[in-house]
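Before any comments, here is the structure.
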Amino acid sequence: MLNVQNPDCLFCRIVRGEIPAKIIYKDEKCVAFYDIDPQAPIHFLVIPKVHISSCGEINGANSLVVSHCFEVITKVTKELGITDFRVVSNCGPQAGQSVPHLHFHVLAGRDMTWPPG
């Protein structure tokens, strides 16, 4: 497993335990925690522990951790009794990515409209 983190990254600091988060799940590859600014009644993030800046940086060397994040999304939603949910990953500031660390928003608990909002 790649063990690269960015010392200045907000989410890397959560992974290291330097910043508190309401963690739902963690293992050797990823962490899931509730969003501090929820956009739905249920809104949590799943992030890889390794620093990947965005979807635009996924490659053959790190794609297995990304697929693991989706396995964790399935596990956590089942544990929470969620059957209908949306998964979103913004790529770049213009797309709404505010933290440059790959993360997947999992939103549930209300009807989802498009565009989100």
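Letters A, B, ... mark the chains of the structure tokens in the order given; residue numbers begin at 1 per chain; ligand numbers begin at 1, in order shown.
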
TODO: Run DSSP on the backbone of this structure and report the residues of chain A it assigns to helix (DSSP H, G or I), as a PyMOL selection string.
DONE: chain A and resi 10-15+55-57+63-79+93-95

TODO: For Arg13 of chain A, please output as a ChimeraX atom specification all residues within 12 Å (counting only C-alpha atoms; exclusion window: fewer than 4 positions along the same chain).
DONE: /A:5-9,17-21,31,47,49-51,99,101

Task: Spatial neighbours of Tyr34 of chain A, 10 Å, only C-alpha atoms, chain gap at least 6 places, as a list in words - done: Ala21, Lys22, Ile23, Ile24, Ile42, His43, Phe44, Leu45, Val46, His105 and Val106 of chain A

Same residues, C-alpha atoms, saved as a PDB file, in the first residue's frame:
```pdb
ATOM      1  CA  ALA A  21     -13.774  13.985  12.961  1.00  0.00           C
ATOM      2  CA  LYS A  22     -16.889  11.951  13.682  1.00  0.00           C
ATOM      3  CA  ILE A  23     -15.499   8.727  12.251  1.00  0.00           C
ATOM      4  CA  ILE A  24     -17.920   6.028  11.117  1.00  0.00           C
ATOM      5  CA  ILE A  42     -27.141  11.684   6.045  1.00  0.00           C
ATOM      6  CA  HIS A  43     -23.881  12.979   4.584  1.00  0.00           C
ATOM      7  CA  PHE A  44     -20.551  11.322   5.127  1.00  0.00           C
ATOM      8  CA  LEU A  45     -17.246  11.206   3.282  1.00  0.00           C
ATOM      9  CA  VAL A  46     -15.053   8.256   2.408  1.00  0.00           C
ATOM     10  CA  HIS A 105     -19.555  12.305  -0.602  1.00  0.00           C
ATOM     11  CA  VAL A 106     -22.305   9.849   0.325  1.00  0.00           C
TER      12      VAL A 106
END
```

Any chance you could tabulate, as a Markdown table, the residues of segment 69-105 of chain A at most 9 Å from segment 56-65 of chain A with each one's nearest atom pair and distance in Å to one decimal, using only C-alpha atoms, in chain and rising number order?
```
| residue | atom | partner | partner_atom | distance |
| --- | --- | --- | --- | --- |
| A:Cys69 | CA | A:Val65 | CA | 6.3 |
| A:Phe70 | CA | A:Val65 | CA | 8.9 |
| A:Cys91 | CA | A:Gly56 | CA | 6.8 |
| A:Gly92 | CA | A:Gly56 | CA | 8.5 |
| A:Leu102 | CA | A:Glu57 | CA | 8.6 |
```

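Going from atom CA of Thr83 of chain A to atom CA of Arg110 of chain A covers 11.8 Å.
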
Open item on the list: Taking only chain A into account, list the residues labelled strand (DSSP E or B) by DSSP (computed from the backbone), as a PyMOL selection string.
Closed with: chain A and resi 23-26+30-34+42-48+86-88+104-108

Task: Residue nearest Phe33 of chain A among A:Val66, A:Ile82, A:Val87, A:Ile73 (counting only C-alpha atoms) - done: A:Ile73

Open item on the list: Let me make sure I understand: among A:Glu79, A:Glu28, A:Asp37, A:Asp84, which one has the smallest atom-to-atom distance to Ala108 of chain A if we use only C-alpha atoms?
Closed with: A:Asp84

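Ranking A:Trp114, A:Thr74, A:Phe11, A:Ser54 by their shortest atom-to-atom distance to Asp35 of chain A, with only C-alpha atoms included, puts A:Phe11 first.
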
Task: d(atom CA of Met112 of chain A, atom CA of Ala40 of chain A) in Å - done: 8.8 Å

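Closest approach to Pro115 of chain A among A:Tyr25, A:Val88, A:Gln97, A:Val72 is made by A:Val88 (distances from only C-alpha atoms).
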
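Rounded to one decimal, atom CA of Arg86 of chain A and atom CA of Gln39 of chain A lie 11.4 Å from each other.
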